[in-house]
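One structure below.
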Amino acid sequence: MKLSTRSRAAVLSTTLAGTLALAACGAANESESASGGSGGGSDSSAAELSGDLVGAGASSQQAAMEAWQAGFEGEHPEVQFSYDPVGSGGGREQFIAGSTDFAGSDAALDEEELAAAQERCGGGEVFELPNYISPIAVVFNLEGVEELDLSPATIARIFAGQITTWNDPAIAQENPDAQLPDTPITPVHRGDDSGTTDNFTDYLFQTAGDVWTSEPDGVWPLPGGEAANGTSGVVEVVTSTAGAVTYADASRAGDLGVVNVGVGDEFVAPSAEAAAAVVENSPAVEGRGEYDFAIEVNRQTEGSGEYPIVLVSYHIGCLRYDDQSTADNVQAFMSYVISEDGQQTAAENAGNAPISDTLREQAQTAVDAINAG
């Protein structure tokens, strides 16, 4: 699948604008169209489920979460559902501390967090389900320029502060037909502990290690540039700042310019299909539990049509909860999220890639195993 850099980006711009508009419609409209999922392994009917269901974490999931919440509440109106898009790091911290029932995270638990999460779960197993797959777009605000082709090394040099104007020879060489102004570049990064940052710095470290020597981290590792919290925060700064550039979930790109990333001998635009393609060809993280499906994304792919700056966002929770109500609610929600209806509803609202049948079947084994005691 050979991707055209010009036509593909034009389609992307239209698609992302549409998904952003859908996200703004809110949960009320979605509740009419979202329907029930597979039902998972829960024996509880909608009337029997009640109580609270509390989650927190990745802001990248926010538009999808609005759709999931509307669909879930349509099935289970007596459950009081809340999700705080505090960021991936905050979501993992709150879950480990026991203040939420599940976390949304754009990065899998590291070894220390995994041990702490198992302790929080009473010494039991933890599930990590890759329920949200989306490209991370490099987006910019440059008058008259709607798209650019950039290699991994050039992207790394921009965010490392080594390339400081948009007409730099490195950018011009990769975009010979573009009219590039001498506008200063303002790199914008996340100021909070972010799974999006973790994924983006992992990409830079793996594909441009000669330039980007900082190891992957959810906290931005370099001084300089501008910082803002949350996906909406960085997008707002770039939108209001001429010459600014950032990395964000592609569904939030709106009218900003979008970078086509160098992969092998082509430049690939961020799309749900290209993100799903690279995930399908990525291995699982080794040494995890039976119901832990963390993925090691293949950032160095040279496969045609694969986009390597991909965000695999997880839902993290316990296999065993202290009370039956919480277990039932978590099980029912995760069952809806992984269902074809749940995934399609999220994709329509957020522009992400629905999980594959293989990932759905894996996740269902974990959902069926959720219990209380």
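By order in the structure tokens, chains are A, B, ...; within a chain, residues start at 1; ligands start at 1, following the order shown.
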task = Find the residues around Thr358 (chain A) up to 12 Å (only C-alpha atoms counted), leave out those fewer than 6 positions away in its own chain, and share them as an MDAnalysis selection string.
result = chainID A and resid 130:131 279:280 293 338 364:365
Check region 131-344 of chain A with DSSP on the backbone and list each residue it calls strand (DSSP E or B), as number ranges by chain.
A: 131-140, 147-150, 165, 184, 186-190, 226-228, 244-249, 257-263, 266-268, 284, 292, 295, 310-318, 320-321
Neighbour list for Ala250 (chain A) as a short mmCIF file (atom, residue, chain, number, x, y, z; two decimals) with all heavy atoms, in the first residue's frame, cut-off 7 Å, only C-alpha atoms, skip fewer than 5 positions in-chain:
```
data_model
loop_
_atom_site.label_atom_id
_atom_site.label_comp_id
_atom_site.auth_asym_id
_atom_site.auth_seq_id
_atom_site.Cartn_x
_atom_site.Cartn_y
_atom_site.Cartn_z
N PRO A 135 -2.88 7.22 15.74
CA PRO A 135 -1.61 7.85 15.41
C PRO A 135 -1.39 9.11 16.22
O PRO A 135 -2.33 9.85 16.52
CB PRO A 135 -1.75 8.18 13.92
CG PRO A 135 -3.22 8.31 13.71
CD PRO A 135 -3.86 7.34 14.67
N ILE A 136 -0.13 9.36 16.58
CA ILE A 136 0.27 10.64 17.15
C ILE A 136 0.76 11.48 15.99
O ILE A 136 1.72 11.11 15.31
CB ILE A 136 1.39 10.47 18.19
CG1 ILE A 136 0.92 9.61 19.36
CG2 ILE A 136 1.88 11.83 18.69
CD1 ILE A 136 2.03 9.24 20.33
N ALA A 137 0.11 12.58 15.74
CA ALA A 137 0.49 13.45 14.63
C ALA A 137 1.46 14.53 15.10
O ALA A 137 1.33 15.05 16.21
CB ALA A 137 -0.75 14.09 14.01
N PRO A 270 -0.31 10.32 9.05
CA PRO A 270 -0.99 9.63 10.16
C PRO A 270 -2.43 9.31 9.79
O PRO A 270 -3.17 10.17 9.32
CB PRO A 270 -0.92 10.65 11.31
CG PRO A 270 -0.77 11.98 10.63
CD PRO A 270 0.00 11.73 9.38
#
```
Using only C-alpha atoms, the residue out of A:Gly254, A:Gly122, A:Gly104, A:Gly91 with shortest distance to Val312 (chain A) is A:Gly104
Point out the residue among A:Asn298, A:Gln344, A:Thr183, A:Asn141 with the least atom-to-atom distance to Ser240 (chain A), counting only C-alpha atoms.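 Closest to Ser240 (chain A) of all the choices is A:Asn141.
In this structure, CA of Ala117 (chain A) sits 17.2 Å away from CA of Ser313 (chain A).
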Name the residues of region 86-161 of chain A that fall into alpha helix (DSSP H) according to DSSP on the backbone, using the chain letters and numbers of this document, as a PDB file with N, CA and C atoms, in the first residue's frame.
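What ended up in selection-v8.pdb:
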```
ATOM      1  N   SER A  88      -1.974  10.332  31.463  1.00  0.00           N
ATOM      2  CA  SER A  88      -1.657   8.924  31.699  1.00  0.00           C
ATOM      3  C   SER A  88      -0.944   8.687  33.025  1.00  0.00           C
ATOM      4  N   GLY A  89       0.071   9.530  33.318  1.00  0.00           N
ATOM      5  CA  GLY A  89       0.818   9.348  34.564  1.00  0.00           C
ATOM      6  C   GLY A  89      -0.071   9.497  35.776  1.00  0.00           C
ATOM      7  N   GLY A  90      -0.925  10.528  35.757  1.00  0.00           N
ATOM      8  CA  GLY A  90      -1.851  10.729  36.861  1.00  0.00           C
ATOM      9  C   GLY A  90      -2.848   9.593  36.984  1.00  0.00           C
ATOM     10  N   GLY A  91      -3.283   9.063  35.843  1.00  0.00           N
ATOM     11  CA  GLY A  91      -4.221   7.946  35.875  1.00  0.00           C
ATOM     12  C   GLY A  91      -3.609   6.707  36.488  1.00  0.00           C
ATOM     13  N   ARG A  92      -2.361   6.407  36.113  1.00  0.00           N
ATOM     14  CA  ARG A  92      -1.699   5.240  36.705  1.00  0.00           C
ATOM     15  C   ARG A  92      -1.484   5.445  38.200  1.00  0.00           C
ATOM     16  N   GLU A  93      -1.087   6.652  38.595  1.00  0.00           N
ATOM     17  CA  GLU A  93      -0.863   6.939  40.011  1.00  0.00           C
ATOM     18  C   GLU A  93      -2.151   6.769  40.809  1.00  0.00           C
ATOM     19  N   GLN A  94      -3.258   7.298  40.301  1.00  0.00           N
ATOM     20  CA  GLN A  94      -4.525   7.208  41.030  1.00  0.00           C
ATOM     21  C   GLN A  94      -5.007   5.763  41.133  1.00  0.00           C
ATOM     22  N   PHE A  95      -4.820   4.990  40.066  1.00  0.00           N
ATOM     23  CA  PHE A  95      -5.226   3.584  40.122  1.00  0.00           C
ATOM     24  C   PHE A  95      -4.383   2.822  41.135  1.00  0.00           C
ATOM     25  N   ILE A  96      -3.076   3.012  41.090  1.00  0.00           N
ATOM     26  CA  ILE A  96      -2.189   2.311  42.025  1.00  0.00           C
ATOM     27  C   ILE A  96      -2.504   2.708  43.461  1.00  0.00           C
ATOM     28  N   ALA A  97      -2.890   3.966  43.676  1.00  0.00           N
ATOM     29  CA  ALA A  97      -3.235   4.439  45.021  1.00  0.00           C
ATOM     30  C   ALA A  97      -4.591   3.921  45.480  1.00  0.00           C
ATOM     31  N   GLU A 111       8.003  -1.764  35.107  1.00  0.00           N
ATOM     32  CA  GLU A 111       8.153  -2.879  36.046  1.00  0.00           C
ATOM     33  C   GLU A 111       7.813  -2.472  37.478  1.00  0.00           C
ATOM     34  N   GLU A 112       8.257  -1.283  37.877  1.00  0.00           N
ATOM     35  CA  GLU A 112       7.967  -0.807  39.240  1.00  0.00           C
ATOM     36  C   GLU A 112       6.479  -0.556  39.421  1.00  0.00           C
ATOM     37  N   GLU A 113       5.852   0.066  38.422  1.00  0.00           N
ATOM     38  CA  GLU A 113       4.416   0.328  38.507  1.00  0.00           C
ATOM     39  C   GLU A 113       3.625  -0.972  38.492  1.00  0.00           C
ATOM     40  N   LEU A 114       4.078  -1.931  37.721  1.00  0.00           N
ATOM     41  CA  LEU A 114       3.369  -3.204  37.649  1.00  0.00           C
ATOM     42  C   LEU A 114       3.354  -3.890  39.011  1.00  0.00           C
ATOM     43  N   ALA A 115       4.496  -3.879  39.695  1.00  0.00           N
ATOM     44  CA  ALA A 115       4.560  -4.485  41.031  1.00  0.00           C
ATOM     45  C   ALA A 115       3.629  -3.759  41.996  1.00  0.00           C
ATOM     46  N   ALA A 116       3.615  -2.419  41.920  1.00  0.00           N
ATOM     47  CA  ALA A 116       2.745  -1.627  42.795  1.00  0.00           C
ATOM     48  C   ALA A 116       1.277  -1.874  42.468  1.00  0.00           C
ATOM     49  N   ALA A 117       0.960  -2.017  41.181  1.00  0.00           N
ATOM     50  CA  ALA A 117      -0.422  -2.269  40.777  1.00  0.00           C
ATOM     51  C   ALA A 117      -0.893  -3.638  41.257  1.00  0.00           C
ATOM     52  N   GLN A 118      -0.028  -4.627  41.196  1.00  0.00           N
ATOM     53  CA  GLN A 118      -0.385  -5.956  41.693  1.00  0.00           C
ATOM     54  C   GLN A 118      -0.652  -5.924  43.195  1.00  0.00           C
ATOM     55  N   GLU A 119       0.143  -5.137  43.911  1.00  0.00           N
ATOM     56  CA  GLU A 119      -0.096  -4.981  45.356  1.00  0.00           C
ATOM     57  C   GLU A 119      -1.428  -4.297  45.602  1.00  0.00           C
ATOM     58  N   ARG A 120      -1.725  -3.243  44.809  1.00  0.00           N
ATOM     59  CA  ARG A 120      -3.005  -2.549  44.937  1.00  0.00           C
ATOM     60  C   ARG A 120      -4.175  -3.494  44.671  1.00  0.00           C
ATOM     61  N   PRO A 152      12.703  11.124  10.361  1.00  0.00           N
ATOM     62  CA  PRO A 152      12.831  11.040  11.822  1.00  0.00           C
ATOM     63  C   PRO A 152      13.923  11.951  12.373  1.00  0.00           C
ATOM     64  N   ALA A 153      15.081  12.021  11.700  1.00  0.00           N
ATOM     65  CA  ALA A 153      16.178  12.856  12.198  1.00  0.00           C
ATOM     66  C   ALA A 153      15.806  14.334  12.198  1.00  0.00           C
ATOM     67  N   THR A 154      15.083  14.776  11.177  1.00  0.00           N
ATOM     68  CA  THR A 154      14.674  16.180  11.127  1.00  0.00           C
ATOM     69  C   THR A 154      13.669  16.490  12.222  1.00  0.00           C
ATOM     70  N   ILE A 155      12.729  15.597  12.450  1.00  0.00           N
ATOM     71  CA  ILE A 155      11.768  15.800  13.540  1.00  0.00           C
ATOM     72  C   ILE A 155      12.504  15.877  14.869  1.00  0.00           C
ATOM     73  N   ALA A 156      13.455  14.982  15.079  1.00  0.00           N
ATOM     74  CA  ALA A 156      14.221  14.983  16.326  1.00  0.00           C
ATOM     75  C   ALA A 156      14.993  16.287  16.499  1.00  0.00           C
ATOM     76  N   ARG A 157      15.613  16.773  15.435  1.00  0.00           N
ATOM     77  CA  ARG A 157      16.379  18.024  15.524  1.00  0.00           C
ATOM     78  C   ARG A 157      15.467  19.218  15.816  1.00  0.00           C
ATOM     79  N   ILE A 158      14.240  19.202  15.295  1.00  0.00           N
ATOM     80  CA  ILE A 158      13.296  20.282  15.587  1.00  0.00           C
ATOM     81  C   ILE A 158      12.954  20.295  17.076  1.00  0.00           C
ATOM     82  N   PHE A 159      12.610  19.149  17.626  1.00  0.00           N
ATOM     83  CA  PHE A 159      12.182  19.103  19.028  1.00  0.00           C
ATOM     84  C   PHE A 159      13.358  19.171  19.997  1.00  0.00           C
TER      85      PHE A 159
END
```
ask   = A:Pro181, A:Pro169, A:Pro187, A:Gly195: which is nearest Gly230 (chain A), counting only C-alpha atoms?
value =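 Between A:Pro181, A:Pro169, A:Pro187, A:Gly195, the residue approaching Gly230 (chain A) most closely is A:Gly195.
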Please report, as a tab-separated table, each residue of region 148-265 of chain A lying at most 12 Å from region 60-82 of chain A, together with the nearest pair of atoms and the separation in Å rounded to one decimal; use only C-alpha atoms, and order rows by chain and ascending residue number.
```
residue	atom	partner	partner_atom	distance
A:Ser194	CA	A:Ser60	CA	9.6
A:Gly195	CA	A:Ser60	CA	9.0
A:Thr196	CA	A:Ser60	CA	7.8
A:Thr197	CA	A:Ser60	CA	11.2
A:Asn229	CA	A:Ser60	CA	11.8
A:Gly230	CA	A:Ser60	CA	8.1
A:Thr231	CA	A:Ser60	CA	6.3
A:Ser232	CA	A:Ser60	CA	8.8
A:Gly233	CA	A:Ser60	CA	11.5
A:Val234	CA	A:Ser60	CA	11.7
A:Val235	CA	A:Ser60	CA	11.7
A:Tyr247	CA	A:Ser60	CA	11.4
A:Ala248	CA	A:Ser60	CA	8.0
A:Asp249	CA	A:Ser60	CA	6.0
A:Ala250	CA	A:Ser60	CA	9.2
A:Ser251	CA	A:Ala63	CA	8.6
A:Arg252	CA	A:Ser60	CA	8.6
A:Ala253	CA	A:Ser60	CA	11.7
```
(request) For Ala363 (chain A), work out the shell of residues within 12 Å, counting only C-alpha atoms and skipping chain neighbours fewer than 2 positions away, then give it as number ranges by chain. (result) A: 38, 40-41, 127-131, 290-294, 314-316, 331, 334-339, 355-361, 365-370
Any chance you can output those residues with C-alpha atoms as a short mmCIF file (atom, residue, chain, number, x, y, z; two decimals), in the first residue's frame?
```cif
data_model
loop_
_atom_site.label_atom_id
_atom_site.label_comp_id
_atom_site.auth_asym_id
_atom_site.auth_seq_id
_atom_site.Cartn_x
_atom_site.Cartn_y
_atom_site.Cartn_z
CA SER A 38 -20.88 -8.39 23.55
CA GLY A 40 -18.51 -10.04 28.21
CA GLY A 41 -18.59 -12.62 30.94
CA PHE A 127 -5.04 -6.54 33.15
CA GLU A 128 -3.70 -4.16 30.51
CA LEU A 129 -5.97 -4.06 27.47
CA PRO A 130 -4.92 -2.12 24.33
CA ASN A 131 -8.37 -0.70 23.68
CA GLU A 290 -1.76 -14.11 31.53
CA TYR A 291 -4.15 -11.19 31.04
CA ASP A 292 -1.61 -8.46 30.40
CA PHE A 293 -1.52 -7.66 26.69
CA ALA A 294 0.99 -4.80 26.57
CA TYR A 314 -4.58 0.87 27.57
CA HIS A 315 -7.25 0.30 30.12
CA ILE A 316 -5.62 -1.00 33.28
CA GLN A 331 -16.41 -6.04 33.65
CA MET A 334 -14.63 -3.24 29.48
CA SER A 335 -16.97 -5.63 27.69
CA TYR A 336 -18.69 -2.70 25.99
CA VAL A 337 -15.41 -0.96 25.12
CA ILE A 338 -13.94 -3.99 23.31
CA SER A 339 -17.16 -4.89 21.52
CA ILE A 355 -8.94 -2.99 17.59
CA SER A 356 -8.52 -6.15 15.53
CA ASP A 357 -10.48 -9.34 16.10
CA THR A 358 -7.30 -10.88 17.52
CA LEU A 359 -6.97 -8.14 20.15
CA ARG A 360 -10.69 -8.38 20.91
CA GLU A 361 -10.48 -12.12 21.50
CA THR A 365 -10.40 -13.60 28.09
CA ALA A 366 -9.37 -10.92 30.59
CA VAL A 367 -12.87 -9.44 30.79
CA ASP A 368 -14.33 -12.88 31.47
CA ALA A 369 -11.80 -13.38 34.30
CA ILE A 370 -12.72 -10.23 36.27
#
```
